[in-house]
Amino acid sequence: MTRPLIARDSFEKQVVLRLYVAGDAQNSIRARENLRRFLDENQGIRCDLEIIDVLVQPDVMIEQNVFLTPALQRLNPEPERLIYGNLDDSNALNDLIL
């Protein structure tokens, strides 16, 4: 079993994330799975996750200046940050969410 990267009681603020995906494209499926796995392994994170399918809601992607998918955007806590890819790098996820 993988050890969580974030201590369960180390998070005090609500994390607000937005995941941009392109329907059921392979990388979008992997990004959803990898993010779900990361959050399951780090249940101490209070997280509000919104998933935007850019094939259905392209206006949100354009308004946020996101031009590639999959992309994960941290809206809160500030500053806002954005990473691209299938989210298979747990260290990058850890850095983004902290």
# chains A, B, ... in the order shown; residues from 1 in each chain; ligands from 1
$ select_by_dssp --residues "range 49-92 of chain A" --states "strand (DSSP E)" --output "ChimeraX atom specification"
/A:49-53,71-76,81-84
$ write_last_selection --atoms "N, CA and C atoms" --output "JSON list (two decimals), in the first residue's frame"
[["chain", "number", "residue", "atom", "x", "y", "z"],
["A", 49, "LEU", "N", -14.10, 19.50, -5.89],
["A", 49, "LEU", "CA", -13.61, 19.22, -7.24],
["A", 49, "LEU", "C", -14.72, 19.43, -8.25],
["A", 50, "GLU", "N", -14.43, 20.23, -9.27],
["A", 50, "GLU", "CA", -15.35, 20.43, -10.39],
["A", 50, "GLU", "C", -14.66, 19.87, -11.63],
["A", 51, "ILE", "N", -15.37, 19.04, -12.38],
["A", 51, "ILE", "CA", -14.82, 18.49, -13.62],
["A", 51, "ILE", "C", -15.53, 19.16, -14.78],
["A", 52, "ILE", "N", -14.73, 19.78, -15.65],
["A", 52, "ILE", "CA", -15.24, 20.47, -16.82],
["A", 52, "ILE", "C", -14.88, 19.66, -18.05],
["A", 53, "ASP", "N", -15.89, 19.20, -18.78],
["A", 53, "ASP", "CA", -15.67, 18.54, -20.07],
["A", 53, "ASP", "C", -15.68, 19.64, -21.12],
["A", 71, "ALA", "N", -6.08, 19.20, -17.80],
["A", 71, "ALA", "CA", -5.43, 20.23, -16.99],
["A", 71, "ALA", "C", -6.11, 20.28, -15.64],
["A", 72, "LEU", "N", -5.33, 20.49, -14.59],
["A", 72, "LEU", "CA", -5.87, 20.61, -13.24],
["A", 72, "LEU", "C", -5.52, 22.00, -12.72],
["A", 73, "GLN", "N", -6.54, 22.73, -12.33],
["A", 73, "GLN", "CA", -6.39, 24.09, -11.84],
["A", 73, "GLN", "C", -6.75, 24.15, -10.36],
["A", 74, "ARG", "N", -5.86, 24.73, -9.57],
["A", 74, "ARG", "CA", -6.17, 24.99, -8.16],
["A", 74, "ARG", "C", -6.68, 26.42, -8.08],
["A", 75, "LEU", "N", -7.92, 26.57, -7.63],
["A", 75, "LEU", "CA", -8.52, 27.89, -7.50],
["A", 75, "LEU", "C", -8.35, 28.46, -6.10],
["A", 76, "ASN", "N", -8.30, 27.58, -5.12],
["A", 76, "ASN", "CA", -8.15, 27.98, -3.74],
["A", 76, "ASN", "C", -7.40, 26.88, -3.01],
["A", 81, "ARG", "N", -3.05, 28.01, -9.49],
["A", 81, "ARG", "CA", -1.99, 27.31, -10.21],
["A", 81, "ARG", "C", -2.62, 26.32, -11.16],
["A", 82, "LEU", "N", -1.85, 25.90, -12.15],
["A", 82, "LEU", "CA", -2.35, 25.01, -13.19],
["A", 82, "LEU", "C", -1.27, 24.03, -13.60],
["A", 83, "ILE", "N", -1.64, 22.76, -13.71],
["A", 83, "ILE", "CA", -0.72, 21.76, -14.26],
["A", 83, "ILE", "C", -1.44, 21.02, -15.38],
["A", 84, "TYR", "N", -0.66, 20.54, -16.32],
["A", 84, "TYR", "CA", -1.19, 19.83, -17.48],
["A", 84, "TYR", "C", -0.71, 18.39, -17.47]]
$ closest_atom_pairs --of "range 71-91 of chain A" --to "range 21-35 of chain A" --cutoff "8 Å" --atoms "only C-alpha atoms" --output "CSV"
residue,atom,partner,partner_atom,distance
A:Ala71,CA,A:Val21,CA,7.0
A:Gly85,CA,A:Ala31,CA,7.2
A:Asn86,CA,A:Ala31,CA,4.1
A:Leu87,CA,A:Ala31,CA,5.1
A:Asp88,CA,A:Asn34,CA,5.9
$ closest_residue --among "A:Glu78, A:Glu41, A:Arg36, A:Leu19" --to "Met61 in chain A" --atoms "only C-alpha atoms"
A:Leu19
$ select_by_dssp --residues "chain A" --states "alpha helix (DSSP H)" --output "VMD selection string"
chain A and resid 26 to 41 58 to 63 90 to 97
$ closest_residue --among "A:Val60, A:Ile97, A:Leu68, A:Ala92" --to "Cys47 in chain A" --atoms "only C-alpha atoms"
A:Ile97
$ atom_distance --atom1 "CA of Asn65 in chain A" --atom2 "CA of Asp48 in chain A"
20.8 Å
